[in-house]
$ cat target.txt   # compact mmCIF, C-alpha atoms and all ligand atoms
# COMPACT_ATOMS: atom_id res chain seq x y z
CA MET A 178 -20.95 -80.85 -95.06
CA ASP A 179 -21.16 -82.49 -91.63
CA PHE A 180 -18.90 -85.42 -90.72
CA THR A 181 -20.49 -86.12 -87.33
CA LEU A 182 -23.22 -88.55 -86.37
CA SER A 183 -26.64 -86.99 -85.67
CA PRO A 184 -27.71 -86.61 -82.00
CA GLU A 185 -30.05 -89.63 -82.43
CA GLN A 186 -27.25 -91.72 -83.91
CA GLN A 187 -24.90 -90.72 -81.07
CA GLU A 188 -27.57 -91.66 -78.55
CA PHE A 189 -28.05 -95.04 -80.22
CA GLN A 190 -24.28 -95.61 -80.31
CA THR A 191 -24.02 -94.85 -76.57
CA ALA A 192 -26.91 -97.17 -75.77
CA VAL A 193 -25.43 -100.08 -77.76
CA ARG A 194 -22.02 -99.53 -76.19
CA ARG A 195 -23.56 -99.48 -72.72
CA PHE A 196 -25.46 -102.72 -73.45
CA SER A 197 -22.24 -104.30 -74.78
CA GLU A 198 -20.18 -103.26 -71.76
CA LYS A 199 -22.82 -104.62 -69.40
CA THR A 200 -23.57 -107.87 -71.27
CA LEU A 201 -20.63 -108.73 -73.52
CA LEU A 202 -17.43 -107.41 -71.97
CA SER A 203 -17.10 -110.25 -69.54
CA GLY A 204 -16.27 -113.38 -71.51
CA ALA A 205 -15.16 -111.53 -74.68
CA VAL A 206 -11.85 -113.43 -74.87
CA GLU A 207 -13.44 -116.85 -74.26
CA ARG A 208 -16.17 -116.12 -76.81
CA ALA A 209 -13.57 -115.31 -79.47
CA HIS A 210 -11.82 -118.61 -78.87
CA SER A 211 -14.95 -120.74 -78.92
CA GLN A 212 -16.20 -122.33 -82.14
CA ALA A 213 -19.77 -122.50 -80.79
CA TYR A 214 -22.28 -119.95 -82.03
CA PRO A 215 -23.05 -117.55 -79.13
CA TRP A 216 -26.80 -118.20 -78.89
CA ASP A 217 -27.03 -116.43 -75.51
CA VAL A 218 -25.68 -113.28 -77.16
CA ALA A 219 -28.17 -113.64 -80.01
CA ARG A 220 -31.11 -113.85 -77.60
CA ALA A 221 -29.84 -110.91 -75.54
CA MET A 222 -29.44 -108.84 -78.70
CA SER A 223 -32.90 -109.79 -79.88
CA SER A 224 -34.40 -108.57 -76.61
CA GLN A 225 -32.64 -105.21 -77.18
CA GLY A 226 -33.97 -104.88 -80.75
CA LEU A 227 -30.48 -105.31 -82.21
CA LEU A 228 -31.49 -108.02 -84.69
CA GLY A 229 -33.40 -106.76 -87.71
CA ILE A 230 -32.39 -103.11 -87.23
CA THR A 231 -32.96 -102.38 -90.93
CA ILE A 232 -35.94 -104.67 -91.36
CA ALA A 233 -39.39 -103.09 -91.68
CA GLU A 234 -41.43 -102.82 -88.48
CA GLU A 235 -44.33 -104.76 -90.04
CA ASP A 236 -41.91 -107.68 -90.54
CA GLY A 237 -40.74 -107.55 -86.92
CA GLY A 238 -37.68 -105.33 -87.36
CA ALA A 239 -36.84 -101.84 -86.13
CA GLY A 240 -37.28 -100.03 -89.47
CA GLY A 241 -33.88 -98.31 -89.15
CA SER A 242 -31.29 -97.42 -91.76
CA LEU A 243 -28.17 -99.31 -92.82
CA MET A 244 -26.14 -96.61 -91.03
CA ASP A 245 -27.92 -97.56 -87.77
CA ALA A 246 -26.87 -101.18 -88.26
CA VAL A 247 -23.28 -100.07 -88.93
CA ILE A 248 -23.29 -98.01 -85.73
CA ALA A 249 -24.51 -101.06 -83.82
CA ILE A 250 -21.96 -103.48 -85.25
CA GLU A 251 -19.12 -101.03 -84.54
CA ALA A 252 -20.26 -100.40 -80.97
CA VAL A 253 -20.55 -104.12 -80.23
CA ALA A 254 -17.18 -104.93 -81.87
CA SER A 255 -15.45 -102.23 -79.83
CA VAL A 256 -16.31 -104.25 -76.70
CA CYS A 257 -16.59 -107.88 -77.92
CA PRO A 258 -15.25 -108.49 -81.46
CA ARG A 259 -16.79 -111.97 -81.70
CA SER A 260 -20.28 -110.73 -80.82
CA ALA A 261 -20.17 -108.48 -83.88
CA ASP A 262 -20.76 -111.69 -85.86
CA VAL A 263 -24.20 -111.94 -84.27
CA ILE A 264 -25.05 -108.41 -85.40
CA GLN A 265 -23.80 -109.41 -88.86
CA ALA A 266 -25.98 -112.52 -89.00
CA GLY A 267 -29.02 -110.69 -87.64
CA ASN A 268 -28.79 -107.63 -89.88
CA PHE A 269 -26.40 -107.76 -92.83
CA GLY A 270 -26.41 -111.29 -94.16
CA ALA A 271 -28.94 -113.51 -95.83
CA ILE A 272 -31.57 -112.26 -93.37
CA ARG A 273 -31.70 -108.96 -95.23
CA VAL A 274 -32.27 -110.63 -98.61
CA LEU A 275 -34.98 -112.78 -97.04
CA ALA A 276 -36.70 -109.70 -95.61
CA GLU A 277 -36.47 -107.91 -98.94
CA TYR A 278 -37.63 -110.64 -101.30
CA GLY A 279 -39.24 -113.27 -99.06
CA THR A 280 -42.95 -114.11 -99.18
CA GLY A 281 -45.34 -113.75 -96.23
CA PHE A 282 -44.99 -117.48 -95.58
CA GLN A 283 -41.18 -117.29 -95.61
CA LYS A 284 -41.13 -114.29 -93.30
CA GLU A 285 -43.38 -116.05 -90.83
CA LYS A 286 -41.57 -119.38 -90.88
CA TYR A 287 -37.93 -118.31 -91.29
CA LEU A 288 -37.54 -114.60 -90.53
CA GLN A 289 -39.29 -114.60 -87.14
CA PRO A 290 -36.95 -117.13 -85.44
CA LEU A 291 -33.96 -115.31 -86.92
CA LEU A 292 -35.17 -112.07 -85.35
CA ALA A 293 -35.76 -113.85 -82.05
CA GLY A 294 -32.15 -115.06 -82.02
CA THR A 295 -33.25 -118.70 -81.95
CA ALA A 296 -32.28 -119.64 -85.53
CA LEU A 297 -29.39 -118.93 -87.87
CA ILE A 298 -29.24 -118.55 -91.65
CA SER A 299 -26.18 -118.86 -93.89
CA VAL A 300 -25.60 -117.82 -97.45
CA GLY A 301 -24.43 -120.59 -99.78
CA MET A 302 -22.86 -119.19 -102.91
CA THR A 303 -19.37 -120.64 -103.16
CA GLU A 304 -18.81 -124.10 -104.63
CA PRO A 305 -15.63 -126.11 -105.16
CA GLU A 306 -15.42 -124.93 -108.78
CA ALA A 307 -17.11 -121.53 -108.35
CA GLY A 308 -15.34 -119.11 -106.01
CA SER A 309 -14.64 -115.65 -107.42
CA ALA A 310 -16.40 -116.82 -110.58
CA VAL A 311 -19.61 -117.34 -108.64
CA THR A 312 -21.84 -117.37 -111.73
CA GLU A 313 -20.18 -120.65 -112.69
CA LEU A 314 -22.03 -122.39 -109.87
CA LYS A 315 -23.30 -125.87 -110.70
CA THR A 316 -25.87 -126.62 -107.99
CA THR A 317 -29.10 -127.30 -109.85
CA ALA A 318 -32.77 -126.85 -109.04
CA THR A 319 -34.94 -129.17 -111.12
CA LYS A 320 -38.72 -128.89 -111.12
CA ASP A 321 -40.52 -131.73 -109.35
CA GLY A 322 -44.28 -131.27 -109.03
CA SER A 323 -44.87 -127.99 -107.23
CA GLY A 324 -41.37 -127.97 -105.73
CA TRP A 325 -37.74 -128.44 -106.69
CA ARG A 326 -35.00 -131.05 -106.38
CA ILE A 327 -31.62 -129.60 -105.42
CA ASN A 328 -28.33 -131.29 -106.37
CA GLY A 329 -24.83 -129.98 -105.77
CA SER A 330 -22.73 -128.65 -102.91
CA LYS A 331 -21.51 -125.47 -101.22
CA ILE A 332 -18.22 -124.79 -99.46
CA PHE A 333 -16.78 -122.21 -97.04
CA THR A 334 -20.28 -121.30 -95.82
CA THR A 335 -19.98 -119.10 -92.72
CA HIS A 336 -21.85 -120.68 -89.78
CA GLY A 337 -22.62 -123.64 -92.08
CA PRO A 338 -22.27 -126.27 -89.32
CA HIS A 339 -24.53 -124.23 -86.99
CA ALA A 340 -27.11 -122.87 -89.42
CA ASP A 341 -30.75 -123.94 -89.50
CA PHE A 342 -31.30 -122.79 -93.08
CA VAL A 343 -29.16 -121.88 -96.06
CA LEU A 344 -30.08 -119.26 -98.60
CA ALA A 345 -28.54 -121.17 -101.49
CA TYR A 346 -27.76 -119.79 -104.91
CA VAL A 347 -28.91 -122.42 -107.40
CA ARG A 348 -29.13 -122.88 -111.13
CA PHE A 349 -32.58 -123.25 -112.73
CA GLY A 350 -31.16 -122.95 -116.23
CA PRO A 351 -28.02 -121.92 -118.15
CA GLY A 352 -26.11 -118.65 -117.85
CA ILE A 353 -26.41 -115.83 -115.33
CA ASN A 354 -30.12 -115.58 -116.00
CA GLY A 355 -30.54 -119.18 -114.93
CA ILE A 356 -29.45 -118.40 -111.36
CA GLY A 357 -31.83 -117.77 -108.47
CA SER A 358 -32.07 -118.72 -104.82
CA VAL A 359 -33.93 -121.08 -102.50
CA LEU A 360 -34.17 -121.64 -98.77
CA ILE A 361 -32.90 -125.04 -97.72
CA GLU A 362 -33.37 -126.47 -94.24
CA THR A 363 -30.07 -128.00 -93.15
CA LYS A 364 -31.77 -130.84 -91.23
CA GLY A 365 -33.92 -131.74 -94.22
CA GLU A 366 -33.73 -134.98 -96.17
CA GLY A 367 -30.97 -135.05 -98.79
CA VAL A 368 -28.89 -132.40 -97.02
CA LYS A 369 -25.62 -133.61 -95.53
CA LEU A 370 -22.57 -131.95 -93.96
CA GLY A 371 -19.15 -133.16 -95.07
CA LYS A 372 -15.99 -133.35 -92.98
CA ARG A 373 -15.62 -130.41 -90.61
CA SER A 374 -12.72 -128.10 -91.22
CA SER A 375 -11.79 -124.66 -89.99
CA PHE A 376 -10.32 -121.42 -91.25
CA MET A 377 -7.21 -119.68 -89.86
CA SER A 378 -9.71 -117.73 -87.72
CA ASP A 379 -10.82 -121.05 -86.15
CA GLU A 380 -14.33 -120.59 -87.61
CA GLU A 381 -15.67 -123.96 -88.67
CA TRP A 382 -16.89 -124.80 -92.14
CA ALA A 383 -17.97 -128.02 -93.82
CA GLU A 384 -19.03 -128.75 -97.37
CA ILE A 385 -22.83 -128.89 -97.55
CA PHE A 386 -24.09 -131.55 -99.95
CA PHE A 387 -27.53 -131.53 -101.55
CA ASP A 388 -28.42 -134.98 -102.81
CA ASN A 389 -31.77 -134.74 -104.58
CA ALA A 390 -32.98 -132.62 -101.64
CA TYR A 391 -36.64 -131.70 -102.13
CA ILE A 392 -37.81 -128.20 -101.37
CA PRO A 393 -41.46 -127.24 -101.70
CA GLY A 394 -42.37 -124.35 -103.98
CA GLU A 395 -42.86 -122.03 -100.97
CA GLN A 396 -39.09 -122.11 -100.34
CA LEU A 397 -38.21 -120.41 -103.62
CA VAL A 398 -36.89 -116.90 -102.92
CA LEU A 399 -35.78 -115.63 -106.34
CA GLY A 400 -36.40 -117.71 -109.43
CA GLU A 401 -34.68 -117.56 -112.80
CA GLY A 402 -33.36 -114.07 -113.52
CA GLY A 403 -32.98 -113.31 -109.81
CA PHE A 404 -29.18 -113.17 -109.67
CA LYS A 405 -28.77 -109.40 -110.04
CA ARG A 406 -31.33 -108.68 -107.32
CA GLN A 407 -29.69 -111.25 -105.09
CA ILE A 408 -26.28 -109.62 -105.53
CA SER A 409 -27.59 -106.12 -104.81
CA GLY A 410 -28.83 -107.54 -101.49
CA PHE A 411 -25.41 -109.12 -101.02
CA ASN A 412 -23.89 -105.63 -100.94
CA VAL A 413 -25.47 -105.26 -97.49
CA GLU A 414 -23.49 -108.33 -96.39
CA ARG A 415 -20.39 -106.64 -97.77
CA ILE A 416 -21.05 -103.55 -95.65
CA GLY A 417 -21.14 -105.84 -92.60
CA ASN A 418 -17.78 -107.39 -93.53
CA THR A 419 -16.40 -103.92 -94.18
CA SER A 420 -17.61 -102.66 -90.80
CA ARG A 421 -16.15 -105.61 -88.92
CA SER A 422 -12.78 -105.28 -90.69
CA LEU A 423 -12.54 -101.67 -89.66
CA ALA A 424 -13.93 -102.23 -86.17
CA LEU A 425 -11.51 -105.06 -85.41
CA GLY A 426 -8.61 -103.00 -86.76
CA ARG A 427 -9.71 -100.19 -84.45
CA TYR A 428 -10.12 -102.60 -81.51
CA ALA A 429 -6.51 -103.79 -81.96
CA TYR A 430 -5.32 -100.18 -82.34
CA GLU A 431 -6.98 -99.16 -79.05
CA GLU A 432 -5.40 -102.13 -77.26
CA ALA A 433 -1.97 -101.21 -78.64
CA ARG A 434 -2.46 -97.52 -77.79
CA ASN A 435 -3.26 -98.38 -74.17
CA TRP A 436 -0.30 -100.76 -74.07
CA ALA A 437 2.08 -98.12 -75.45
CA MET A 438 1.00 -95.70 -72.73
CA GLN A 439 1.85 -98.07 -69.88
CA ARG A 440 4.58 -100.46 -71.09
CA LYS A 441 8.15 -99.28 -70.37
CA GLN A 442 11.37 -100.41 -72.05
CA PHE A 443 14.78 -98.74 -71.75
CA GLY A 444 13.25 -96.75 -68.88
CA ARG A 445 10.72 -95.04 -71.18
CA LEU A 446 7.12 -95.59 -72.17
CA LEU A 447 6.75 -97.20 -75.61
CA CYS A 448 4.71 -94.19 -76.79
CA GLU A 449 7.79 -92.01 -76.26
CA PHE A 450 9.77 -93.75 -79.03
CA GLN A 451 9.39 -91.95 -82.35
CA GLY A 452 9.63 -95.23 -84.25
CA LEU A 453 6.38 -96.30 -82.60
CA GLN A 454 4.72 -92.86 -82.67
CA TRP A 455 4.87 -92.89 -86.46
CA LYS A 456 3.29 -96.32 -86.56
CA PHE A 457 0.39 -94.93 -84.52
CA ALA A 458 0.13 -91.86 -86.76
CA ASP A 459 -0.08 -94.10 -89.83
CA MET A 460 -2.65 -96.36 -88.19
CA ARG A 461 -4.79 -93.38 -87.22
CA ILE A 462 -4.67 -91.88 -90.73
CA LYS A 463 -5.76 -95.20 -92.25
CA LEU A 464 -8.56 -95.74 -89.73
CA ASP A 465 -9.97 -92.24 -90.24
CA ALA A 466 -9.86 -92.48 -94.04
CA ALA A 467 -11.46 -95.94 -93.98
CA GLN A 468 -14.17 -94.75 -91.61
CA MET A 469 -15.30 -92.08 -94.05
CA LEU A 470 -15.48 -94.54 -96.94
CA LEU A 471 -17.53 -96.94 -94.84
CA TYR A 472 -19.98 -94.26 -93.70
CA ARG A 473 -20.31 -92.89 -97.24
CA ALA A 474 -21.21 -96.36 -98.54
CA ALA A 475 -23.62 -97.09 -95.68
CA ALA A 476 -25.29 -93.69 -95.93
CA SER A 477 -25.83 -94.26 -99.68
CA ALA A 478 -28.33 -96.98 -98.77
CA ASP A 479 -30.61 -95.17 -96.31
CA THR A 480 -33.26 -97.89 -95.86
CA GLY A 481 -32.53 -99.60 -99.22
CA PHE A 482 -29.43 -101.30 -100.62
CA PRO A 483 -26.08 -99.47 -100.80
CA SER A 484 -24.30 -98.18 -103.91
CA VAL A 485 -22.34 -100.96 -105.62
CA MET A 486 -19.34 -98.75 -106.40
CA GLU A 487 -19.14 -97.07 -103.00
CA THR A 488 -19.50 -100.44 -101.28
CA ALA A 489 -16.71 -101.94 -103.39
CA ILE A 490 -14.41 -98.98 -102.62
CA ALA A 491 -15.18 -99.10 -98.90
CA LYS A 492 -14.80 -102.88 -98.64
CA ALA A 493 -11.52 -103.07 -100.58
CA TYR A 494 -10.01 -100.29 -98.46
CA CYS A 495 -11.39 -101.27 -95.03
CA ASN A 496 -10.46 -104.94 -95.53
CA GLN A 497 -6.86 -103.90 -96.20
CA VAL A 498 -6.75 -101.27 -93.44
CA GLY A 499 -8.36 -103.52 -90.83
CA PHE A 500 -5.74 -106.18 -91.45
CA ASP A 501 -2.77 -103.77 -91.73
CA VAL A 502 -3.71 -101.89 -88.56
CA ALA A 503 -4.41 -105.03 -86.52
CA ASN A 504 -1.11 -106.50 -87.69
CA GLU A 505 0.82 -103.33 -86.80
CA ALA A 506 -0.94 -103.18 -83.41
CA LEU A 507 0.20 -106.75 -82.77
CA GLN A 508 3.79 -105.75 -83.58
CA VAL A 509 3.65 -102.79 -81.19
CA MET A 510 2.49 -105.11 -78.40
CA GLY A 511 5.32 -107.58 -78.98
CA GLY A 512 4.89 -111.01 -77.38
CA MET A 513 1.72 -109.88 -75.63
CA GLY A 514 0.14 -108.94 -78.98
CA TYR A 515 0.97 -112.38 -80.37
CA SER A 516 -0.44 -114.08 -77.29
CA LYS A 517 -4.02 -115.21 -76.77
CA GLU A 518 -4.17 -113.15 -73.56
CA SER A 519 -5.49 -110.26 -75.63
CA LEU A 520 -7.74 -110.28 -78.69
CA VAL A 521 -5.24 -108.54 -80.95
CA GLU A 522 -4.03 -111.74 -82.61
CA TYR A 523 -7.69 -112.73 -83.06
CA CYS A 524 -8.37 -109.44 -84.83
CA VAL A 525 -5.47 -110.11 -87.21
CA ARG A 526 -6.76 -113.59 -88.04
CA ARG A 527 -10.36 -112.47 -88.55
CA CYS A 528 -9.43 -109.44 -90.66
CA ARG A 529 -7.32 -111.65 -92.93
CA GLY A 530 -10.40 -113.68 -93.88
CA TRP A 531 -12.49 -110.67 -94.92
CA MET A 532 -9.85 -109.84 -97.54
CA ILE A 533 -11.07 -113.01 -99.28
CA ALA A 534 -14.69 -113.45 -98.16
CA GLY A 535 -17.67 -111.66 -99.70
CA GLY A 536 -15.78 -110.56 -102.81
CA SER A 537 -11.98 -110.61 -102.48
CA ILE A 538 -10.04 -107.35 -102.64
CA GLU A 539 -8.96 -108.23 -106.19
CA ILE A 540 -12.52 -108.89 -107.37
CA LEU A 541 -13.69 -105.62 -105.79
CA LYS A 542 -10.90 -103.76 -107.56
CA ASN A 543 -12.06 -105.29 -110.84
CA ARG A 544 -15.50 -103.84 -110.12
CA ILE A 545 -14.04 -100.44 -109.19
CA ALA A 546 -12.02 -100.39 -112.43
CA GLU A 547 -15.24 -100.93 -114.37
CA GLY A 548 -16.62 -97.83 -112.66
CA VAL A 549 -13.45 -95.89 -113.42
CA PHE A 550 -13.57 -96.69 -117.14
CA GLU A 551 -17.36 -96.88 -117.37
CA ARG A 552 -17.28 -100.17 -119.23
CA SER A 553 -17.31 -103.83 -118.30
CA PHE A 554 -14.24 -106.04 -118.40
CA PRO A 555 -15.41 -109.65 -118.68
CA GLN A 556 -12.99 -111.88 -116.75
CA ARG A 557 -14.01 -115.11 -118.48
CA ALA A 558 -11.58 -116.53 -121.03
CA THR A 559 -13.03 -116.31 -124.53
CA SER A 560 -13.24 -119.64 -126.31
CA PRO A 561 -10.43 -120.22 -128.82
C1 LIG A 601 -13.70 -116.34 -93.85
C2 LIG A 601 -14.48 -116.71 -95.05
C3 LIG A 601 -15.86 -116.76 -94.98
C4 LIG A 601 -16.61 -117.12 -96.10
N1 LIG A 601 -17.97 -117.20 -96.00
C5 LIG A 601 -18.69 -117.59 -97.07
C6 LIG A 601 -20.10 -117.73 -96.99
O1 LIG A 601 -20.70 -117.48 -95.95
N2 LIG A 601 -20.78 -118.16 -98.07
C7 LIG A 601 -20.16 -118.44 -99.25
O2 LIG A 601 -20.84 -118.79 -100.19
N3 LIG A 601 -18.82 -118.31 -99.38
C8 LIG A 601 -18.07 -117.90 -98.32
N4 LIG A 601 -16.71 -117.78 -98.41
C9 LIG A 601 -16.07 -118.10 -99.68
C10 LIG A 601 -15.58 -116.86 -100.43
O3 LIG A 601 -16.68 -116.15 -100.96
C11 LIG A 601 -14.58 -117.32 -101.48
O4 LIG A 601 -13.47 -117.86 -100.79
C12 LIG A 601 -14.15 -116.18 -102.40
O5 LIG A 601 -15.21 -115.79 -103.25
C13 LIG A 601 -12.93 -116.55 -103.24
O6 LIG A 601 -13.14 -117.76 -103.88
P1 LIG A 601 -12.01 -118.89 -103.79
O7 LIG A 601 -11.66 -119.08 -102.38
O8 LIG A 601 -12.51 -120.06 -104.55
O9 LIG A 601 -10.75 -118.26 -104.49
P2 LIG A 601 -10.51 -118.18 -106.07
O10 LIG A 601 -11.71 -117.66 -106.74
O11 LIG A 601 -9.93 -119.44 -106.55
O12 LIG A 601 -9.41 -117.02 -106.14
C14 LIG A 601 -8.05 -117.23 -105.73
C15 LIG A 601 -7.32 -115.89 -105.80
O13 LIG A 601 -7.36 -115.40 -107.13
C16 LIG A 601 -7.93 -114.09 -107.15
N5 LIG A 601 -8.73 -113.95 -108.38
C17 LIG A 601 -9.68 -114.78 -108.86
N6 LIG A 601 -10.21 -114.29 -109.99
C18 LIG A 601 -9.59 -113.11 -110.24
C19 LIG A 601 -9.71 -112.12 -111.24
N7 LIG A 601 -10.60 -112.22 -112.23
N8 LIG A 601 -8.92 -111.00 -111.15
C20 LIG A 601 -8.01 -110.88 -110.15
N9 LIG A 601 -7.85 -111.79 -109.17
C21 LIG A 601 -8.65 -112.89 -109.20
C22 LIG A 601 -8.80 -114.02 -105.90
O14 LIG A 601 -8.98 -112.67 -105.48
C23 LIG A 601 -7.97 -114.82 -104.92
O15 LIG A 601 -6.98 -114.00 -104.36
C24 LIG A 601 -15.94 -117.42 -97.32
C25 LIG A 601 -14.55 -117.35 -97.38
C26 LIG A 601 -13.82 -117.00 -96.28
C27 LIG A 601 -12.33 -116.93 -96.38
$ encode --input "target.txt" --output "structure tokens"
Amino acid sequence: MDFTLSPEQQEFQTAVRRFSEKTLLSGAVERAHSQAYPWDVARAMSSQGLLGITIAEEDGGAGGSLMDAVIAIEAVASVCPRSADVIQAGNFGAIRVLAEYGTGFQKEKYLQPLLAGTALISVGMTEPEAGSAVTELKTTATKDGSGWRINGSKIFTTHGPHADFVLAYVRFGPGINGIGSVLIETKGEGVKLGKRSSFMSDEEWAEIFFDNAYIPGEQLVLGEGGFKRQISGFNVERIGNTSRSLALGRYAYEEARNWAMQRKQFGRLLCEFQGLQWKFADMRIKLDAAQMLLYRAAASADTGFPSVMETAIAKAYCNQVGFDVANEALQVMGGMGYSKESLVEYCVRRCRGWMIAGGSIEILKNRIAEGVFERSFPQRATSP
């Protein structure tokens, strides 16, 4: 058994880190505190082949593995945590589902601008009454000629106010089998953004309303019966969230480690107090353990989709570890950790969100328990 990256992977990691230090280091703090989508970063990444790492070469990607994409997102986050979101959007999110299931027309019209870093796609699953219970979604797709009429709304959509298209989960009929997905252009007729709000992370979101929005037949991605395939693609998105949780926890840890080696109190360096040394030992143990779970899950995918169970285990653990480590790093840095001078407080706020987004820790543990007992545990209340 070998726990090290291959020479090619190490070379790739070094190259991405070098690009990040040259292009992203300056402005990393400002970028984290801006609500605007960093389009300049997206274009720079596109020119380096960092968007579409796992997408087939014939579709305009690099034909790499999910592990390559994880290496890239980690390397970018270690220099500019906010820019890791661009790697997420260009590799792990809805783009990957589009590349997997999209038609030639869809790849030409929607995938190409995403790969060029000139367009952005969001995934619209969550609705006001369908959060963890996503299969209870109510947004409908009703046949109209050769296309569909979409009615309903989505909330909490990452990048919603900035996205050009939404890969929306919609209902063609009753039950899980009635769910599929369509591509909806956000500037299209019948699509409206509600009041803008923001998360604790300062990321903006707004309810997206579909009021009899017409989509032509060519914008159907997965029709009735497509839900399970859609969710297996969604596990790639989960690996991206997992990677960023761990990478931001590690970023905060490195900041705190450097701080502890130069900040003096009581005439001694902070790293010389045993009370703080043990905090660092605990952080390091958690980061190392989480890293192995992440790499195991990512490696399970190769160029396909990752294992459901291994992804759930990695995400539940890395989400918790990323937050715990970033929070502990903030404590070690005292007032400076809590201040916006460094990105440690940002890492805490971002990591907190991934404990909820993309399958909350509790929902992932439900899934893990099903694997443990090799049976399903329906969460829905049975009718009296
Ligand atoms: C930062 C962020 C980004 C997001 N981005 C997107 C996005 O891009 N697209 C999108 O569609 N959605 C997105 N979401 C929404 C996210 O997927 C939902 O918030 C999540 O699924 C939880 O749904 P909810 O908020 O309605 O909470 P609820 O489902 O109401 O759950 C509330 C609490 O109860 C727990 N809970 C619920 N059911 C169970 C159960 N059966 N067993 C144990 N515990 C349970 C949950 O874990 C949670 O702690 C995002 C959310 C956040 C915070």
$ residues_near_ligand --input "target.txt" --ligand "ligand LIG 601 (chain A)" --cutoff "7 Å" --atoms "all atoms listed in the file" --output "number ranges by chain"
A: 299-303, 305, 307-310, 331-335, 376, 530-531, 533-540, 543, 556
$ residues_around --input "target.txt" --residues "Val521 in chain A" --least-positions-apart "4" --cutoff "7 Å" --atoms "all atoms listed in the file" --output "MDAnalysis selection string"
chainID A and resid 429 503 507 514 525
$ residues_around --input "target.txt" --residues "Arg440 in chain A" --least-positions-apart "5" --cutoff "12 Å" --atoms "all atoms listed in the file" --output "list in words"
Glu432, Ala433, Arg434, Asn435, Arg445, Leu446, Leu447, Cys448, Glu449, Phe450, Val509, Met510, Gly511 and Met513 of chain A
$ atom_distance --input "target.txt" --atom1 "CA of Glu384 in chain A" --atom2 "CA of Asp217 in chain A"
26.3 Å
$ atom_distance --input "target.txt" --atom1 "CA of Gln439 in chain A" --atom2 "CA of Arg195 in chain A"
25.6 Å
$ atom_distance --input "target.txt" --atom1 "CA of Asp341 in chain A" --atom2 "CA of Gly324 in chain A"
19.8 Å
$ closest_residue --input "target.txt" --among "A:Val359, A:Ala424, A:Ile416, A:Ile327" --to "Met486 in chain A" --atoms "all atoms listed in the file"
A:Ile416
$ residues_around --input "target.txt" --residues "Met377 in chain A" --least-positions-apart "2" --cutoff "12 Å" --atoms "only C-alpha atoms" --output "list of chain:residue names"
A:His210, A:Ser374, A:Ser375, A:Asp379, A:Glu380, A:Glu381, A:Trp382, A:Glu522, A:Tyr523, A:Cys524, A:Val525, A:Arg526, A:Arg527, A:Cys528, A:Arg529, A:Gly530, A:Trp531
$ closest_residue --input "target.txt" --among "A:Glu207, A:Glu395, A:Glu414, A:Asp459" --to "Gly281 in chain A" --atoms "all atoms listed in the file"
A:Glu395
$ closest_residue --input "target.txt" --among "A:Gly367, A:Val256, A:Phe404, A:Ala293" --to "Thr312 in chain A" --atoms "only C-alpha atoms"
A:Phe404
$ residues_near_point --input "target.txt" --point "(-35.2, -98.6, -89.5)" --cutoff "12 Å" --atoms "all atoms listed in the file" --output "mmCIF file with C-alpha atoms, in the coordinates of the input"
data_model
loop_
_atom_site.group_PDB
_atom_site.id
_atom_site.type_symbol
_atom_site.label_atom_id
_atom_site.label_comp_id
_atom_site.auth_asym_id
_atom_site.auth_seq_id
_atom_site.Cartn_x
_atom_site.Cartn_y
_atom_site.Cartn_z
ATOM 1 C CA GLN A 186 -27.250 -91.720 -83.910
ATOM 2 C CA GLY A 226 -33.970 -104.880 -80.750
ATOM 3 C CA LEU A 227 -30.480 -105.310 -82.210
ATOM 4 C CA LEU A 228 -31.490 -108.020 -84.690
ATOM 5 C CA GLY A 229 -33.400 -106.760 -87.710
ATOM 6 C CA ILE A 230 -32.390 -103.110 -87.230
ATOM 7 C CA THR A 231 -32.960 -102.380 -90.930
ATOM 8 C CA ILE A 232 -35.940 -104.670 -91.360
ATOM 9 C CA ALA A 233 -39.390 -103.090 -91.680
ATOM 10 C CA GLU A 234 -41.430 -102.820 -88.480
ATOM 11 C CA GLU A 235 -44.330 -104.760 -90.040
ATOM 12 C CA ASP A 236 -41.910 -107.680 -90.540
ATOM 13 C CA GLY A 237 -40.740 -107.550 -86.920
ATOM 14 C CA GLY A 238 -37.680 -105.330 -87.360
ATOM 15 C CA ALA A 239 -36.840 -101.840 -86.130
ATOM 16 C CA GLY A 240 -37.280 -100.030 -89.470
ATOM 17 C CA GLY A 241 -33.880 -98.310 -89.150
ATOM 18 C CA SER A 242 -31.290 -97.420 -91.760
ATOM 19 C CA LEU A 243 -28.170 -99.310 -92.820
ATOM 20 C CA MET A 244 -26.140 -96.610 -91.030
ATOM 21 C CA ASP A 245 -27.920 -97.560 -87.770
ATOM 22 C CA ALA A 246 -26.870 -101.180 -88.260
ATOM 23 C CA ASN A 268 -28.790 -107.630 -89.880
ATOM 24 C CA ALA A 478 -28.330 -96.980 -98.770
ATOM 25 C CA ASP A 479 -30.610 -95.170 -96.310
ATOM 26 C CA THR A 480 -33.260 -97.890 -95.860
ATOM 27 C CA GLY A 481 -32.530 -99.600 -99.220
#
